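Student: Right, I'll just put the structure down here and ask away after.
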Amino acid sequence: MQQLNHQRKLTMNKRPTLADIKEAHQRIRPHIHKTPVVTCNVLNEITGANLFFKCENFQKVGAFKFRGACNTVFSLAEKEANRGVVTHSSGNHAAALALAARKRGITARIVMPSNAPPVKIEAVKHYGGIITFCEPTLASRETTAAKVIEQTGATMIHPFNDHRIIAGQGTAALELMEQVTDLDYVLAPVGGGGLLSGTAITAKALKSRIKVIGCEPKHADDAYRSIKAGRIIPSDNPNTIADGLKTSLGDKTFPIIRELVDDIILVTEEQIITAMRLIFERMKIIVEPSSAVAFAVLLTQNLNVAGKKVGIIISGGNVDFSRFFEGFGDN
């Protein structure tokens, strides 16, 4: 109970420390995959660096999101957990929360926009999430989630703007830096900032001289603009193939990124697609566009990593293959 109380105070009062991230790792260890680190000589030759890909595309639900959802769900006090959890999401967080709740034996209610990809809807259903559909606007998502909370008493689990989520996401970098010692750089994509925040806290605490780089699409560059302006600038009509990175930073992720991240580098849509193709062809693994953004940064030549050891967090591998096979086999 003392540990649970600690986690609830963490959510309200302070950002996670390395100790919190290590505690989160111990909590979720029985439920997650310790994902592999993969290398590729061809990609090393292309970039002139030694690259180490932390493959969260092999994580449960196919994305790093399960780490944060799992940590948060298993941090809840029994009385709180019994009322269930709720979130609004059309992406990997929805499936992650549904599976984490199922593992704890509680109910997950997921508010999803009516235009959510069918593959995402099916994933939430598969993991036992109870879906409530809403109009495809942020206002509708938030209003619908509030109604669900009012009706059920369920606990809201934000996709990224929660210190327990951040602590859980930081466990990917914790594993990476145990698997590969003495990294010079660590790169992670940034949308809402949960993964990048957790990565930065972990990496800087373990090695103060390491460079932490946020990676973002040029057409969804709110994090880049926010850091330059010194205040949160919400995303304005983002238009990118990396649909997992369209979210704006939150008031919990922004100050961590502002303090600990060394730089945010932007990439074009063409660079994202090239990065995806290289990973597909040379590494033979499936990554979603948001994941490819981190490797795409190394193709811009805006980061001098020659001869350096570079950790890259592949955030997920949930690709909607119906786009590729549409019409295949039709008469």
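Identifiers in this document derive from the order of the structure tokens: chains are assigned A, B, ..., residues are numbered from 1 separately in each chain, and ligands are numbered from 1 in order of occurrence.
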Please identify all polymer residues within 10 Å of Ala49 (chain A), counting only C-alpha atoms, omitting same-chain residues fewer than 4 positions from it, and present them as a list in words.
Tutor: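 Neighbouring residues, sequence-local ones excluded: Asn41, Leu43, Asn44, Glu45, Leu298, Asn304, Val305, Ala306, Gly307, Lys308, Lys309 and Val310 of chain A.
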Student: Filtering to C-alpha atoms, could you give me those residues as an mmCIF file, in the first residue's frame?
Tutor:
```
data_model
loop_
_atom_site.group_PDB
_atom_site.id
_atom_site.type_symbol
_atom_site.label_atom_id
_atom_site.label_comp_id
_atom_site.auth_asym_id
_atom_site.auth_seq_id
_atom_site.Cartn_x
_atom_site.Cartn_y
_atom_site.Cartn_z
ATOM 1 C CA ASN A 41 25.787 -3.278 -40.781
ATOM 2 C CA LEU A 43 22.565 1.066 -41.896
ATOM 3 C CA ASN A 44 25.791 1.605 -39.945
ATOM 4 C CA GLU A 45 27.612 2.141 -43.252
ATOM 5 C CA LEU A 298 20.124 10.283 -39.240
ATOM 6 C CA ASN A 304 26.931 14.484 -36.697
ATOM 7 C CA VAL A 305 27.097 10.949 -35.341
ATOM 8 C CA ALA A 306 30.123 9.704 -37.273
ATOM 9 C CA GLY A 307 31.887 7.022 -35.254
ATOM 10 C CA LYS A 308 29.408 7.345 -32.369
ATOM 11 C CA LYS A 309 27.260 4.743 -30.604
ATOM 12 C CA VAL A 310 23.634 5.708 -31.190
#
```
Student: Apply DSSP to the structure's backbone, then extract all residues of region 171-266 of chain A labelled strand (DSSP E) and return them as a count of residues only.
Tutor: 16
Student: Can I get the residues of region 34-68 of chain A within 12 Å of region 259-283 of chain A, each with the closest pair of atoms and their distance in Å to one decimal, using only C-alpha atoms, sorted chain first then ascending number, as a tab-separated table?
Tutor:
```
residue	atom	partner	partner_atom	distance
A:Val37	CA	A:Met283	CA	11.9
A:Val38	CA	A:Met283	CA	8.4
A:Thr39	CA	A:Met283	CA	8.1
A:Cys40	CA	A:Met283	CA	6.5
A:Asn41	CA	A:Arg282	CA	9.0
A:Val42	CA	A:Arg282	CA	7.1
A:Leu43	CA	A:Arg282	CA	7.6
A:Asn44	CA	A:Arg282	CA	11.0
A:Glu45	CA	A:Arg282	CA	11.8
A:Ile46	CA	A:Leu278	CA	10.2
A:Thr47	CA	A:Ala275	CA	11.7
A:Leu51	CA	A:Met283	CA	12.0
A:Phe52	CA	A:Met283	CA	11.8
A:Phe53	CA	A:Met283	CA	10.1
A:Cys55	CA	A:Met283	CA	11.2
```
Student: Which distance in Å separates CA of Val85 (chain A) and CA of Val148 (chain A), to one decimal?
Tutor: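 About the pair CA of Val85 (chain A) and CA of Val148 (chain A): they are 9.8 Å apart.
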Student: Taking only C-alpha atoms into account, name the residue in A:Glu175, A:Asp184, A:Glu288, A:Asp162 that is nearest to Phe254 (chain A).
Tutor: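 Comparing A:Glu175, A:Asp184, A:Glu288, A:Asp162 against Phe254 (chain A), the winner is A:Asp162.
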Student: May I ask for the distance between CA of Leu174 (chain A) and CA of Ser291 (chain A), given in Å to one decimal place?
Tutor: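 So the two atoms, CA of Leu174 (chain A) and CA of Ser291 (chain A), lie 18.3 Å apart.
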Student: What is the distance between CA of Ser235 (chain A) and CA of Ser197 (chain A), in Å to one decimal?
Tutor: 18.0 Å
Student: Report as a PyMOL selection string all protein, DNA and RNA residues lying within 12 Å of Gly230 (chain A), evaluated on only C-alpha atoms, omitting residues in the same chain fewer than 5 positions from it.
Tutor: chain A and resi 222-225+254-255+257-259
Student: Go ahead and save the residues from that selection, with N, CA and C atoms, as a PDB file, in the first residue's frame.
Tutor:
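Final output, part17.pdb:
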```pdb
ATOM      1  N   ASP A 222       5.052  20.763 -33.437  1.00  0.00           N
ATOM      2  CA  ASP A 222       4.691  21.589 -32.272  1.00  0.00           C
ATOM      3  C   ASP A 222       5.740  21.508 -31.171  1.00  0.00           C
ATOM      4  N   ALA A 223       6.357  20.348 -30.966  1.00  0.00           N
ATOM      5  CA  ALA A 223       7.384  20.227 -29.918  1.00  0.00           C
ATOM      6  C   ALA A 223       8.580  21.107 -30.259  1.00  0.00           C
ATOM      7  N   TYR A 224       9.018  21.069 -31.502  1.00  0.00           N
ATOM      8  CA  TYR A 224      10.128  21.910 -31.950  1.00  0.00           C
ATOM      9  C   TYR A 224       9.815  23.386 -31.726  1.00  0.00           C
ATOM     10  N   ARG A 225       8.619  23.805 -32.134  1.00  0.00           N
ATOM     11  CA  ARG A 225       8.249  25.209 -31.986  1.00  0.00           C
ATOM     12  C   ARG A 225       8.047  25.580 -30.521  1.00  0.00           C
ATOM     13  N   PHE A 254       6.274  18.777 -21.283  1.00  0.00           N
ATOM     14  CA  PHE A 254       7.004  19.933 -21.817  1.00  0.00           C
ATOM     15  C   PHE A 254       8.187  20.355 -20.953  1.00  0.00           C
ATOM     16  N   PRO A 255       8.018  20.564 -19.632  1.00  0.00           N
ATOM     17  CA  PRO A 255       9.175  21.028 -18.849  1.00  0.00           C
ATOM     18  C   PRO A 255      10.311  20.014 -18.787  1.00  0.00           C
ATOM     19  N   ILE A 257      11.154  17.879 -21.228  1.00  0.00           N
ATOM     20  CA  ILE A 257      11.819  17.953 -22.528  1.00  0.00           C
ATOM     21  C   ILE A 257      12.615  19.242 -22.648  1.00  0.00           C
ATOM     22  N   ARG A 258      12.043  20.339 -22.190  1.00  0.00           N
ATOM     23  CA  ARG A 258      12.745  21.623 -22.262  1.00  0.00           C
ATOM     24  C   ARG A 258      14.053  21.587 -21.490  1.00  0.00           C
ATOM     25  N   GLU A 259      14.076  20.910 -20.354  1.00  0.00           N
ATOM     26  CA  GLU A 259      15.271  20.882 -19.505  1.00  0.00           C
ATOM     27  C   GLU A 259      16.295  19.838 -19.936  1.00  0.00           C
TER      28      GLU A 259
END
```
Student: Which residues, written as a list in words, have at least one atom at most 7 Å from region 106-117 of chain A, with only C-alpha atoms counted and residues fewer than 4 positions away on the same chain left out?
Tutor: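 Here the answer would be Ala81, Asn82, Gly84, Val85, Val86, Thr87, His88, Ser89, Ser90, Ala94, Leu97, Ala98, Ala101, Arg102, Ile121, Gly129, Ile130, Ile131, Thr132, Phe133, Cys134, Glu135, Pro136, Arg141, Thr144 and Ala145 of chain A.
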Student: Just to be explicit: take each residue in the selection above, keep C-alpha atoms, and write the result as a PDB file, in the first residue's frame.
Tutor:
```pdb
ATOM      1  CA  ALA A  81      -8.798  -0.063  -9.700  1.00  0.00           C
ATOM      2  CA  ASN A  82     -12.127  -1.736  -8.985  1.00  0.00           C
ATOM      3  CA  GLY A  84     -12.016   0.566 -13.805  1.00  0.00           C
ATOM      4  CA  VAL A  85     -10.072   2.910 -16.053  1.00  0.00           C
ATOM      5  CA  VAL A  86     -10.952   5.106 -18.996  1.00  0.00           C
ATOM      6  CA  THR A  87      -9.084   6.940 -21.722  1.00  0.00           C
ATOM      7  CA  HIS A  88      -9.717   8.579 -25.076  1.00  0.00           C
ATOM      8  CA  SER A  89      -7.445   7.324 -27.820  1.00  0.00           C
ATOM      9  CA  SER A  90      -7.546   6.052 -31.375  1.00  0.00           C
ATOM     10  CA  ALA A  94      -6.114   2.423 -26.386  1.00  0.00           C
ATOM     11  CA  LEU A  97      -4.672   0.252 -21.626  1.00  0.00           C
ATOM     12  CA  ALA A  98      -7.200  -2.423 -22.560  1.00  0.00           C
ATOM     13  CA  ALA A 101      -6.581  -3.624 -17.469  1.00  0.00           C
ATOM     14  CA  ARG A 102      -7.327  -7.171 -18.558  1.00  0.00           C
ATOM     15  CA  ILE A 121     -10.894  -0.806 -33.055  1.00  0.00           C
ATOM     16  CA  GLY A 129     -11.827  -2.882 -23.909  1.00  0.00           C
ATOM     17  CA  ILE A 130     -15.362  -1.460 -23.858  1.00  0.00           C
ATOM     18  CA  ILE A 131     -15.570   1.116 -26.648  1.00  0.00           C
ATOM     19  CA  THR A 132     -17.666   4.275 -26.689  1.00  0.00           C
ATOM     20  CA  PHE A 133     -17.567   6.097 -30.013  1.00  0.00           C
ATOM     21  CA  CYS A 134     -17.590   9.880 -30.335  1.00  0.00           C
ATOM     22  CA  GLU A 135     -17.211  12.562 -32.961  1.00  0.00           C
ATOM     23  CA  PRO A 136     -13.653  12.883 -34.321  1.00  0.00           C
ATOM     24  CA  ARG A 141     -13.366  12.928 -27.025  1.00  0.00           C
ATOM     25  CA  THR A 144     -17.441  11.786 -23.868  1.00  0.00           C
ATOM     26  CA  ALA A 145     -14.693  10.576 -21.544  1.00  0.00           C
TER      27      ALA A 145
END
```
Student: Using only C-alpha atoms for the distances, tell me which of A:Val119, A:Ile233, A:Ala146, A:Leu245 is nearest to Asn318 (chain A).
Tutor: A:Val119
Student: Within 8 Å of Gly250 (chain A), counting only C-alpha atoms, which residues show up once you throw out same-chain ones fewer than 4 positions away? Write them as a list of chain:residue names, please.
Tutor: A:Phe160, A:Asn161, A:Gly192, A:Gly193, A:Ile232, A:Phe254
